[in-house]
>>> print(open('final.cif').read())   # mmCIF, C-alpha atoms and all ligand atoms
data_entry
loop_
_atom_site.group_PDB
_atom_site.id
_atom_site.type_symbol
_atom_site.label_atom_id
_atom_site.label_comp_id
_atom_site.auth_asym_id
_atom_site.auth_seq_id
_atom_site.Cartn_x
_atom_site.Cartn_y
_atom_site.Cartn_z
ATOM 1 C CA MET A 15 61.556 -7.275 46.507
ATOM 2 C CA ASN A 16 63.077 -9.814 44.147
ATOM 3 C CA LEU A 17 66.672 -9.140 43.175
ATOM 4 C CA LYS A 18 69.376 -10.591 41.006
ATOM 5 C CA LEU A 19 72.802 -10.564 42.668
ATOM 6 C CA LYS A 20 76.059 -10.875 40.776
ATOM 7 C CA ILE A 21 78.657 -11.715 43.419
ATOM 8 C CA TRP A 22 82.414 -12.170 43.156
ATOM 9 C CA ARG A 23 83.351 -15.709 44.272
ATOM 10 C CA GLN A 24 86.995 -16.608 44.806
ATOM 11 C CA ALA A 25 88.135 -19.657 46.761
ATOM 12 C CA ASP A 26 91.385 -18.149 48.055
ATOM 13 C CA ALA A 27 94.097 -15.643 47.269
ATOM 14 C CA LYS A 28 95.727 -17.903 44.687
ATOM 15 C CA SER A 29 92.611 -18.932 42.752
ATOM 16 C CA SER A 30 91.108 -16.807 40.048
ATOM 17 C CA GLY A 31 87.593 -15.605 40.837
ATOM 18 C CA LYS A 32 84.448 -14.985 38.843
ATOM 19 C CA MET A 33 81.054 -13.334 39.136
ATOM 20 C CA VAL A 34 78.284 -15.789 40.080
ATOM 21 C CA ASP A 35 74.559 -15.091 39.675
ATOM 22 C CA TYR A 36 72.095 -15.532 42.539
ATOM 23 C CA ASN A 37 68.397 -14.783 42.700
ATOM 24 C CA ILE A 38 67.005 -13.667 46.037
ATOM 25 C CA SER A 39 63.322 -13.105 46.798
ATOM 26 C CA GLU A 40 61.229 -11.546 49.528
ATOM 27 C CA VAL A 41 63.874 -9.008 50.456
ATOM 28 C CA SER A 42 62.397 -6.452 52.845
ATOM 29 C CA PRO A 43 63.205 -2.804 52.082
ATOM 30 C CA ASP A 44 63.916 -2.448 55.821
ATOM 31 C CA MET A 45 66.743 -4.973 55.741
ATOM 32 C CA SER A 46 70.287 -3.726 55.819
ATOM 33 C CA PHE A 47 72.496 -4.764 52.917
ATOM 34 C CA LEU A 48 74.389 -7.188 55.169
ATOM 35 C CA GLU A 49 71.129 -8.696 56.456
ATOM 36 C CA MET A 50 70.174 -9.338 52.834
ATOM 37 C CA LEU A 51 73.509 -11.182 52.404
ATOM 38 C CA ASP A 52 72.789 -13.116 55.630
ATOM 39 C CA VAL A 53 69.485 -14.296 54.142
ATOM 40 C CA LEU A 54 71.245 -15.290 50.926
ATOM 41 C CA ASN A 55 73.811 -17.264 52.930
ATOM 42 C CA GLU A 56 71.161 -19.051 55.011
ATOM 43 C CA GLY A 57 69.593 -20.223 51.751
ATOM 44 C CA LEU A 58 72.964 -21.358 50.373
ATOM 45 C CA ILE A 59 73.762 -23.270 53.569
ATOM 46 C CA GLU A 60 70.331 -24.971 53.472
ATOM 47 C CA LYS A 61 71.087 -26.092 49.916
ATOM 48 C CA GLY A 62 74.484 -27.414 51.006
ATOM 49 C CA GLU A 63 76.376 -24.711 49.090
ATOM 50 C CA GLU A 64 79.267 -22.582 50.310
ATOM 51 C CA PRO A 65 78.071 -19.299 51.835
ATOM 52 C CA VAL A 66 79.478 -16.035 50.474
ATOM 53 C CA GLU A 67 82.293 -14.820 52.726
ATOM 54 C CA PHE A 68 82.158 -11.147 53.631
ATOM 55 C CA ASP A 69 83.698 -9.059 56.383
ATOM 56 C CA HIS A 70 81.685 -7.356 59.115
ATOM 57 C CA ASP A 71 81.890 -6.684 62.817
ATOM 58 C CA CYS A 72 80.110 -3.733 64.435
ATOM 59 C CA ARG A 73 77.343 -3.257 61.817
ATOM 60 C CA GLU A 74 77.110 0.326 63.103
ATOM 61 C CA GLY A 75 79.509 2.186 60.813
ATOM 62 C CA ILE A 76 82.324 2.148 63.351
ATOM 63 C CA CYS A 77 84.802 -0.643 62.628
ATOM 64 C CA GLY A 78 85.288 -0.230 58.868
ATOM 65 C CA SER A 79 85.378 -3.943 58.119
ATOM 66 C CA CYS A 80 82.246 -4.195 55.917
ATOM 67 C CA SER A 81 83.987 -2.994 52.797
ATOM 68 C CA LEU A 82 82.126 -3.976 49.637
ATOM 69 C CA GLN A 83 82.110 -2.581 46.139
ATOM 70 C CA ILE A 84 78.409 -2.328 45.271
ATOM 71 C CA ASN A 85 77.447 -1.510 41.704
ATOM 72 C CA GLY A 86 80.969 -0.200 41.196
ATOM 73 C CA GLU A 87 81.016 2.111 44.233
ATOM 74 C CA PRO A 88 82.728 1.530 47.582
ATOM 75 C CA HIS A 89 79.950 1.077 50.181
ATOM 76 C CA GLY A 90 77.286 1.445 47.474
ATOM 77 C CA PRO A 91 75.261 4.318 46.086
ATOM 78 C CA ASP A 92 74.703 6.453 49.211
ATOM 79 C CA ARG A 93 77.196 9.050 50.419
ATOM 80 C CA ALA A 94 78.788 9.130 53.879
ATOM 81 C CA ILE A 95 77.711 5.689 55.037
ATOM 82 C CA THR A 96 79.314 2.254 55.272
ATOM 83 C CA THR A 97 77.946 -0.909 53.661
ATOM 84 C CA CYS A 98 76.405 -2.008 56.973
ATOM 85 C CA GLN A 99 74.401 1.244 57.090
ATOM 86 C CA LEU A 100 73.059 0.800 53.555
ATOM 87 C CA HIS A 101 69.446 -0.392 53.411
ATOM 88 C CA MET A 102 67.632 -2.352 50.748
ATOM 89 C CA ARG A 103 65.074 0.447 50.340
ATOM 90 C CA ARG A 104 67.789 2.105 48.252
ATOM 91 C CA PHE A 105 67.142 -0.533 45.548
ATOM 92 C CA LYS A 106 64.093 -1.390 43.446
ATOM 93 C CA ASP A 107 62.276 -4.655 42.877
ATOM 94 C CA GLY A 108 63.901 -6.458 39.948
ATOM 95 C CA ASP A 109 67.259 -4.665 40.270
ATOM 96 C CA THR A 110 70.525 -6.396 39.481
ATOM 97 C CA ILE A 111 73.215 -5.655 42.073
ATOM 98 C CA TYR A 112 76.914 -6.234 41.450
ATOM 99 C CA ILE A 113 78.839 -7.047 44.650
ATOM 100 C CA GLU A 114 82.631 -7.225 44.563
ATOM 101 C CA PRO A 115 85.550 -6.924 46.974
ATOM 102 C CA PHE A 116 87.555 -3.705 47.144
ATOM 103 C CA ARG A 117 90.022 -3.841 44.262
ATOM 104 C CA ALA A 118 93.657 -2.849 44.855
ATOM 105 C CA LYS A 119 97.001 -4.616 44.541
ATOM 106 C CA ALA A 120 97.756 -3.762 48.166
ATOM 107 C CA PHE A 121 94.424 -5.335 49.270
ATOM 108 C CA PRO A 122 94.703 -8.959 48.047
ATOM 109 C CA VAL A 123 91.492 -11.004 48.109
ATOM 110 C CA ILE A 124 91.472 -13.585 50.916
ATOM 111 C CA LYS A 125 88.171 -15.193 49.934
ATOM 112 C CA ASP A 126 85.087 -14.049 48.010
ATOM 113 C CA LEU A 127 84.413 -10.493 49.223
ATOM 114 C CA ILE A 128 87.052 -10.381 51.972
ATOM 115 C CA VAL A 129 90.307 -8.551 51.301
ATOM 116 C CA ASP A 130 93.450 -8.332 53.383
ATOM 117 C CA ARG A 131 93.750 -4.720 54.577
ATOM 118 C CA SER A 132 96.669 -5.338 56.924
ATOM 119 C CA ALA A 133 98.682 -2.910 54.768
ATOM 120 C CA PHE A 134 96.742 -0.165 56.584
ATOM 121 C CA ASP A 135 97.760 -1.661 59.951
ATOM 122 C CA ARG A 136 101.413 -1.578 58.911
ATOM 123 C CA ILE A 137 101.149 2.082 57.849
ATOM 124 C CA GLN A 138 99.584 2.837 61.217
ATOM 125 C CA GLN A 139 102.275 0.882 63.064
ATOM 126 C CA ALA A 140 104.972 2.859 61.214
ATOM 127 C CA GLY A 141 104.042 6.046 63.097
ATOM 128 C CA GLY A 142 100.324 6.540 63.686
ATOM 129 C CA TYR A 143 100.639 6.951 67.431
ATOM 130 C CA ILE A 144 102.222 9.102 70.114
ATOM 131 C CA SER A 145 104.643 7.739 72.697
ATOM 132 C CA VAL A 146 103.330 8.426 76.180
ATOM 133 C CA ASN A 147 104.744 7.482 79.561
ATOM 134 C CA THR A 148 101.930 5.505 81.136
ATOM 135 C CA SER A 149 103.815 4.600 84.311
ATOM 136 C CA GLY A 150 101.287 6.394 86.509
ATOM 137 C CA ASN A 151 102.504 9.952 85.925
ATOM 138 C CA THR A 152 100.533 10.499 82.752
ATOM 139 C CA VAL A 153 99.565 14.107 82.258
ATOM 140 C CA ASP A 154 95.869 14.523 81.546
ATOM 141 C CA ALA A 155 95.545 15.389 77.859
ATOM 142 C CA ASN A 156 92.964 18.025 78.753
ATOM 143 C CA ALA A 157 95.632 19.920 80.727
ATOM 144 C CA ILE A 158 96.917 21.374 77.454
ATOM 145 C CA PRO A 159 94.500 23.947 75.981
ATOM 146 C CA ILE A 160 93.875 23.371 72.250
ATOM 147 C CA GLU A 161 92.360 25.962 69.967
ATOM 148 C CA LYS A 162 88.787 24.847 69.104
ATOM 149 C CA HIS A 163 89.297 25.019 65.343
ATOM 150 C CA ASP A 164 92.347 22.705 65.546
ATOM 151 C CA ALA A 165 90.641 20.347 67.988
ATOM 152 C CA ASP A 166 87.661 20.016 65.633
ATOM 153 C CA ARG A 167 89.846 19.353 62.583
ATOM 154 C CA ALA A 168 91.948 16.814 64.506
ATOM 155 C CA PHE A 169 88.754 15.083 65.605
ATOM 156 C CA ASP A 170 87.401 15.060 62.040
ATOM 157 C CA ALA A 171 90.625 13.399 60.846
ATOM 158 C CA ALA A 172 90.444 10.888 63.695
ATOM 159 C CA THR A 173 87.021 9.694 62.532
ATOM 160 C CA CYS A 174 88.700 7.726 59.712
ATOM 161 C CA ILE A 175 87.740 4.080 60.281
ATOM 162 C CA GLY A 176 90.354 2.651 57.903
ATOM 163 C CA CYS A 177 87.798 0.878 55.712
ATOM 164 C CA GLY A 178 89.818 1.369 52.528
ATOM 165 C CA ALA A 179 87.031 2.979 50.468
ATOM 166 C CA CYS A 180 89.482 5.748 49.536
ATOM 167 C CA VAL A 181 91.824 3.172 47.994
ATOM 168 C CA ALA A 182 89.002 1.342 46.224
ATOM 169 C CA ALA A 183 87.632 4.589 44.797
ATOM 170 C CA CYS A 184 90.982 5.867 43.534
ATOM 171 C CA LYS A 185 92.022 5.074 39.954
ATOM 172 C CA ASN A 186 95.604 4.849 41.279
ATOM 173 C CA ALA A 187 94.654 2.828 44.399
ATOM 174 C CA SER A 188 96.276 5.558 46.470
ATOM 175 C CA ALA A 189 96.185 5.408 50.260
ATOM 176 C CA MET A 190 96.884 9.123 50.654
ATOM 177 C CA LEU A 191 93.513 9.994 52.220
ATOM 178 C CA PHE A 192 93.881 7.282 54.877
ATOM 179 C CA THR A 193 97.517 8.127 55.636
ATOM 180 C CA SER A 194 96.817 11.844 55.665
ATOM 181 C CA ALA A 195 93.973 11.413 58.153
ATOM 182 C CA LYS A 196 96.201 9.383 60.462
ATOM 183 C CA VAL A 197 98.986 11.980 60.198
ATOM 184 C CA SER A 198 96.621 14.950 60.556
ATOM 185 C CA GLN A 199 94.963 13.818 63.765
ATOM 186 C CA PHE A 200 98.369 14.206 65.454
ATOM 187 C CA ALA A 201 99.849 17.036 63.361
ATOM 188 C CA LEU A 202 97.110 19.386 64.559
ATOM 189 C CA LEU A 203 97.727 18.732 68.252
ATOM 190 C CA PRO A 204 100.705 19.638 70.460
ATOM 191 C CA GLN A 205 101.000 16.000 71.568
ATOM 192 C CA GLY A 206 101.730 15.043 67.967
ATOM 193 C CA LYS A 207 104.510 17.572 67.362
ATOM 194 C CA VAL A 208 107.231 15.666 69.236
ATOM 195 C CA GLU A 209 107.422 12.721 66.812
ATOM 196 C CA ALA A 210 106.077 14.582 63.766
ATOM 197 C CA THR A 211 109.161 14.183 61.578
ATOM 198 C CA ASP A 212 109.561 10.441 62.103
ATOM 199 C CA ARG A 213 105.814 9.871 61.924
ATOM 200 C CA VAL A 214 105.184 11.350 58.498
ATOM 201 C CA THR A 215 108.457 10.046 57.043
ATOM 202 C CA ASN A 216 107.889 6.480 58.202
ATOM 203 C CA MET A 217 104.186 6.343 57.375
ATOM 204 C CA VAL A 218 104.710 7.631 53.829
ATOM 205 C CA LYS A 219 107.618 5.223 53.370
ATOM 206 C CA GLN A 220 105.449 2.294 54.494
ATOM 207 C CA MET A 221 102.578 3.460 52.284
ATOM 208 C CA ASP A 222 104.891 3.314 49.266
ATOM 209 C CA LEU A 223 106.350 -0.060 50.312
ATOM 210 C CA GLU A 224 102.862 -1.560 50.447
ATOM 211 C CA GLY A 225 102.340 -0.798 46.758
ATOM 212 C CA PHE A 226 99.658 1.884 46.946
ATOM 213 C CA GLY A 227 99.558 4.318 44.015
ATOM 214 C CA ASN A 228 100.166 8.044 43.977
ATOM 215 C CA CYS A 229 97.586 10.767 44.530
ATOM 216 C CA THR A 230 96.681 12.715 41.402
ATOM 217 C CA ASN A 231 94.092 14.933 43.102
ATOM 218 C CA THR A 232 91.064 13.315 41.468
ATOM 219 C CA GLY A 233 89.099 13.569 44.706
ATOM 220 C CA ALA A 234 87.151 10.297 44.326
ATOM 221 C CA CYS A 235 88.444 9.253 47.764
ATOM 222 C CA GLU A 236 86.766 12.196 49.499
ATOM 223 C CA VAL A 237 83.481 11.569 47.652
ATOM 224 C CA GLU A 238 83.355 7.880 48.605
ATOM 225 C CA CYS A 239 84.698 8.181 52.163
ATOM 226 C CA PRO A 240 81.941 7.091 54.582
ATOM 227 C CA LYS A 241 83.290 9.513 57.184
ATOM 228 C CA GLY A 242 83.709 12.529 54.910
ATOM 229 C CA ILE A 243 87.471 12.783 55.434
ATOM 230 C CA SER A 244 88.514 15.929 53.588
ATOM 231 C CA LEU A 245 91.173 16.302 50.877
ATOM 232 C CA GLU A 246 92.484 19.130 53.078
ATOM 233 C CA ASN A 247 94.220 16.349 55.023
ATOM 234 C CA ILE A 248 96.217 15.321 51.947
ATOM 235 C CA ALA A 249 97.430 18.912 51.579
ATOM 236 C CA ARG A 250 98.462 18.811 55.263
ATOM 237 C CA LEU A 251 100.254 15.477 54.770
ATOM 238 C CA ASN A 252 102.222 16.987 51.875
ATOM 239 C CA ARG A 253 103.174 20.014 54.006
ATOM 240 C CA GLU A 254 104.197 17.782 56.915
ATOM 241 C CA TYR A 255 106.258 15.600 54.586
ATOM 242 C CA LEU A 256 108.010 18.623 53.061
ATOM 243 C CA LYS A 257 108.748 20.014 56.525
ATOM 244 C CA ALA A 258 110.107 16.634 57.644
ATOM 245 C CA SER A 259 112.313 16.351 54.540
ATOM 246 C CA VAL A 260 113.888 19.727 55.319
ATOM 247 C CA ASN A 261 114.321 18.802 58.993
ATOM 248 C CA LEU A 262 116.026 15.511 58.128
ATOM 249 C CA ASP A 263 118.847 17.166 56.143
HETATM 250 FE FE1 LIG B 301 81.635 -2.130 61.168
HETATM 251 FE FE2 LIG B 301 80.274 -1.840 58.899
HETATM 252 S S1 LIG B 301 80.495 -3.630 60.082
HETATM 253 S S2 LIG B 301 81.564 -0.390 59.870
#
>>> encode(input="final.cif", output="C-alpha cells", more="lines below")
Ligand code: FES
Amino acid sequence: MNLKLKIWRQADAKSSGKMVDYNISEVSPDMSFLEMLDVLNEGLIEKGEEPVEFDHDCREGICGSCSLQINGEPHGPDRAITTCQLHMRRFKDGDTIYIEPFRAKAFPVIKDLIVDRSAFDRIQQAGGYISVNTSGNTVDANAIPIEKHDADRAFDAATCIGCGACVAACKNASAMLFTSAKVSQFALLPQGKVEATDRVTNMVKQMDLEGFGNCTNTGACEVECPKGISLENIARLNREYLKASVNLD
C-alpha cells in the first residue's frame, strides 16, 4: 500500500507544532500501525532527518503508552484496541492518515506525538492504592470471600491501562472515566472500604487540580476506551464522592 501521512511535528513543549506531510510506500497490510511508523522513521534517519517521536512500550495493548489520535479518533478507527494493536489492513491503498498526539491541556506535548500523562500518575498517587502491612504477616487476599459479581466488576475496572483515550475523546477533556475506574476497583472490594473516603476525596481533588474538564455524560470516553471501561464506573465514582462528602462533615 502507498499512503500519505499527515503527522504532527513539534520540537518541544514550548514550540508551536504543525502537520507535516510524508509519503510512505510498500506498507504491508500485516504491519501494525507502530511498525509502519518504524519504517517511516528508518527512512527519515537514512535521509538524515529527525525521526517522528512516539510513545510505545509493550506493543501488546497492556501498558497504555502508545496513545495516538488517528484520523481524529484516539487509537484509530477500531473499537476496543490500542494503537499498537491496530493493523494497516484497516486502511486502503492511497489513504491519507492524520496522526496527532492526544489533545488536552492536562496532557502537554513533550515532542511530536508524545504527551506528558504524569497527571494520571498524580491522580493515582493521591489515593489509588490500599495500605497493606507487608511486614510478613500479610493476610492472603483470597482469605476474604468476594461475591462473584463484585469481583468481576472490580476486575473490569482494574483493566484500565491509563492510556488517556478517555480524556482525548472527551469534548471537555474530562478524566472522570480514568479516575472512576481507579476508584471503582477498590470501592467494590472489602479491602478498599477502609480508605474509601480519603481515596475518592483526594483523587477527585487532584483530578480537578490537574486541569481536566467536567463530565457531561456524552459517553465518548466509553466508546473510545480500548479496554471497554463502562460509564457505570462514573456513576459509582459520583456515589462514592457523595458518600465521602457526607462522611467528612
Ligand atoms: Fe503498550 Fe500499546 S505499546 S499498550
>>> residues_near_ligand(input="final.cif", ligand="ligand LIG 301 (chain B)", cutoff="6 Å", atoms="only C-alpha atoms and all ligand atoms", output="JSON list (two decimals) with C-alpha atoms, in the coordinates of the input")
[["chain", "number", "residue", "atom", "x", "y", "z"],
["A", 70, "HIS", "CA", 81.68, -7.36, 59.12],
["A", 71, "ASP", "CA", 81.89, -6.68, 62.82],
["A", 72, "CYS", "CA", 80.11, -3.73, 64.44],
["A", 73, "ARG", "CA", 77.34, -3.26, 61.82],
["A", 74, "GLU", "CA", 77.11, 0.33, 63.10],
["A", 75, "GLY", "CA", 79.51, 2.19, 60.81],
["A", 76, "ILE", "CA", 82.32, 2.15, 63.35],
["A", 77, "CYS", "CA", 84.80, -0.64, 62.63],
["A", 78, "GLY", "CA", 85.29, -0.23, 58.87],
["A", 79, "SER", "CA", 85.38, -3.94, 58.12],
["A", 80, "CYS", "CA", 82.25, -4.20, 55.92],
["A", 96, "THR", "CA", 79.31, 2.25, 55.27],
["A", 97, "THR", "CA", 77.95, -0.91, 53.66],
["A", 98, "CYS", "CA", 76.40, -2.01, 56.97]]
>>> closest_residue(input="final.cif", among="A:Asp44, A:Asp166, A:Glu87, A:Glu246", to="A:Val181", atoms="all atoms listed in the file")
A:Glu87
>>> atom_distance(input="final.cif", atom1="atom CA of A:Val41", atom2="atom CA of A:Pro115")
22.1 Å
>>> resolve_selection(input="final.cif", expression="the PyMOL selection byres (((chain A and resi 104) around 9) and not hetatm)", output="PyMOL selection string")
chain A and resi 43+91-92+100-103+105-106
>>> resolve_selection(input="final.cif", expression="the PyMOL selection byres (((chain A and resi 179) around 9) and not hetatm)", output="list of chain:residue names")
A:Ser81, A:Leu82, A:Gln83, A:Glu87, A:Pro88, A:His89, A:Phe116, A:Gly176, A:Cys177, A:Gly178, A:Cys180, A:Val181, A:Ala182, A:Ala183, A:Cys184, A:Cys235, A:Glu238, A:Cys239, A:Pro240
>>> closest_residue(input="final.cif", among="A:Leu256, A:Leu191, A:Ile137, A:Val197", to="A:Gly225", atoms="only C-alpha atoms")
A:Ile137
>>> closest_atom_pairs(input="final.cif", of="stretch 116-157 of chain A", to="stretch 211-220 of chain A", cutoff="8 Å", atoms="all atoms listed in the file", output="CSV")
residue,atom,partner,partner_atom,distance
A:Arg136,CA,A:Gln220,CA,7.1
A:Ile137,CA,A:Met217,CA,5.3
A:Gln138,CA,A:Met217,CA,6.9
A:Ala140,CA,A:Met217,CA,5.2
A:Gly141,CA,A:Arg213,CA,4.4
A:Gly142,CA,A:Arg213,CA,6.7
>>> atom_distance(input="final.cif", atom1="atom CA of A:Gln99", atom2="atom CA of A:Phe68")
15.0 Å
>>> resolve_selection(input="final.cif", expression="the PyMOL selection byres (((chain A and resi 190) around 8) and not hetatm)", output="number ranges by chain")
A: 188-189, 191-194, 228-229, 248
>>> atom_distance(input="final.cif", atom1="atom CA of A:Asp69", atom2="atom CA of A:Ile124")
10.5 Å
>>> residues_around(input="final.cif", residues="stretch 146-152 of chain A", least_positions_apart="4", cutoff="12 Å", atoms="only C-alpha atoms", output="list in words")
Asn156, Ala157, Gln205, Gly206, Val208 and Glu209 of chain A
>>> write_last_selection(input="final.cif", atoms="C-alpha atoms", output="PDB file, in the coordinates of the input")
ATOM      1  CA  ASN A 156      92.964  18.025  78.753  1.00  0.00           C
ATOM      2  CA  ALA A 157      95.632  19.920  80.727  1.00  0.00           C
ATOM      3  CA  GLN A 205     101.000  16.000  71.568  1.00  0.00           C
ATOM      4  CA  GLY A 206     101.730  15.043  67.967  1.00  0.00           C
ATOM      5  CA  VAL A 208     107.231  15.666  69.236  1.00  0.00           C
ATOM      6  CA  GLU A 209     107.422  12.721  66.812  1.00  0.00           C
TER       7      GLU A 209
END
>>> closest_residue(input="final.cif", among="A:Lys196, A:Lys28, A:Arg93, A:Lys185", to="A:Val123", atoms="all atoms listed in the file")
A:Lys28
>>> closest_residue(input="final.cif", among="A:Asn231, A:Ser132, A:Ser145, A:Ser244", to="A:Ala171", atoms="all atoms listed in the file")
A:Ser244
>>> closest_residue(input="final.cif", among="A:Ile243, A:Val129, A:Leu203, A:Asn252", to="A:Lys162", atoms="only C-alpha atoms")
A:Leu203
>>> closest_residue(input="final.cif", among="A:Leu17, A:Asp109, A:Lys32, A:Ile128", to="A:Val66", atoms="only C-alpha atoms")
A:Ile128
>>> axis_aligned_box(input="final.cif", around="stretch 80-87 of chain A", padding_each_side="8 Å", output="JSON")
{"center_x": 80.7, "center_y": -1.0, "center_z": 48.6, "size_x": 22.5, "size_y": 22.3, "size_z": 30.7}
>>> decode(input="final.cif", residues="stretch 125-174 of chain A", atoms="C-alpha atoms", output="JSON list (two decimals), in the first residue's frame")
[["chain", "number", "residue", "atom", "x", "y", "z"],
["A", 125, "LYS", "CA", 7.68, 16.23, 21.46],
["A", 126, "ASP", "CA", 5.86, 15.34, 18.22],
["A", 127, "LEU", "CA", 3.33, 12.66, 19.20],
["A", 128, "ILE", "CA", 4.44, 12.20, 22.82],
["A", 129, "VAL", "CA", 2.40, 13.84, 25.57],
["A", 130, "ASP", "CA", 3.08, 14.10, 29.28],
["A", 131, "ARG", "CA", 0.45, 11.98, 31.06],
["A", 132, "SER", "CA", 2.01, 12.26, 34.51],
["A", 133, "ALA", "CA", -1.22, 13.98, 35.62],
["A", 134, "PHE", "CA", -2.71, 10.47, 35.68],
["A", 135, "ASP", "CA", 0.16, 9.28, 37.91],
["A", 136, "ARG", "CA", -0.53, 12.10, 40.35],
["A", 137, "ILE", "CA", -4.25, 11.23, 40.49],
["A", 138, "GLN", "CA", -3.27, 7.63, 41.18],
["A", 139, "GLN", "CA", -0.76, 8.68, 43.85],
["A", 140, "ALA", "CA", -3.47, 10.76, 45.56],
["A", 141, "GLY", "CA", -5.36, 7.60, 46.60],
["A", 142, "GLY", "CA", -5.39, 4.83, 44.01],
["A", 143, "TYR", "CA", -3.99, 2.20, 46.34],
["A", 144, "ILE", "CA", -4.67, 0.35, 49.57],
["A", 145, "SER", "CA", -2.33, 0.48, 52.56],
["A", 146, "VAL", "CA", -1.25, -3.02, 53.49],
["A", 147, "ASN", "CA", 1.13, -4.21, 56.18],
["A", 148, "THR", "CA", 3.72, -6.17, 54.23],
["A", 149, "SER", "CA", 5.95, -6.95, 57.20],
["A", 150, "GLY", "CA", 5.49, -10.70, 56.75],
["A", 151, "ASN", "CA", 2.04, -11.01, 58.33],
["A", 152, "THR", "CA", 0.13, -10.13, 55.19],
["A", 153, "VAL", "CA", -3.25, -11.79, 55.05],
["A", 154, "ASP", "CA", -3.82, -13.61, 51.77],
["A", 155, "ALA", "CA", -6.32, -11.53, 49.79],
["A", 156, "ASN", "CA", -8.13, -14.73, 48.82],
["A", 157, "ALA", "CA", -8.95, -15.33, 52.50],
["A", 158, "ILE", "CA", -11.83, -12.86, 52.19],
["A", 159, "PRO", "CA", -14.70, -14.26, 50.09],
["A", 160, "ILE", "CA", -15.94, -11.75, 47.48],
["A", 161, "GLU", "CA", -19.25, -12.06, 45.70],
["A", 162, "LYS", "CA", -18.55, -13.08, 42.06],
["A", 163, "HIS", "CA", -20.50, -10.19, 40.54],
["A", 164, "ASP", "CA", -18.47, -7.63, 42.55],
["A", 165, "ALA", "CA", -15.18, -9.40, 41.85],
["A", 166, "ASP", "CA", -15.90, -9.33, 38.11],
["A", 167, "ARG", "CA", -16.83, -5.64, 38.12],
["A", 168, "ALA", "CA", -13.76, -4.75, 40.20],
["A", 169, "PHE", "CA", -11.60, -6.69, 37.75],
["A", 170, "ASP", "CA", -13.22, -4.95, 34.77],
["A", 171, "ALA", "CA", -12.43, -1.56, 36.35],
["A", 172, "ALA", "CA", -8.87, -2.67, 37.07],
["A", 173, "THR", "CA", -8.25, -3.36, 33.38],
["A", 174, "CYS", "CA", -7.91, 0.40, 32.76]]
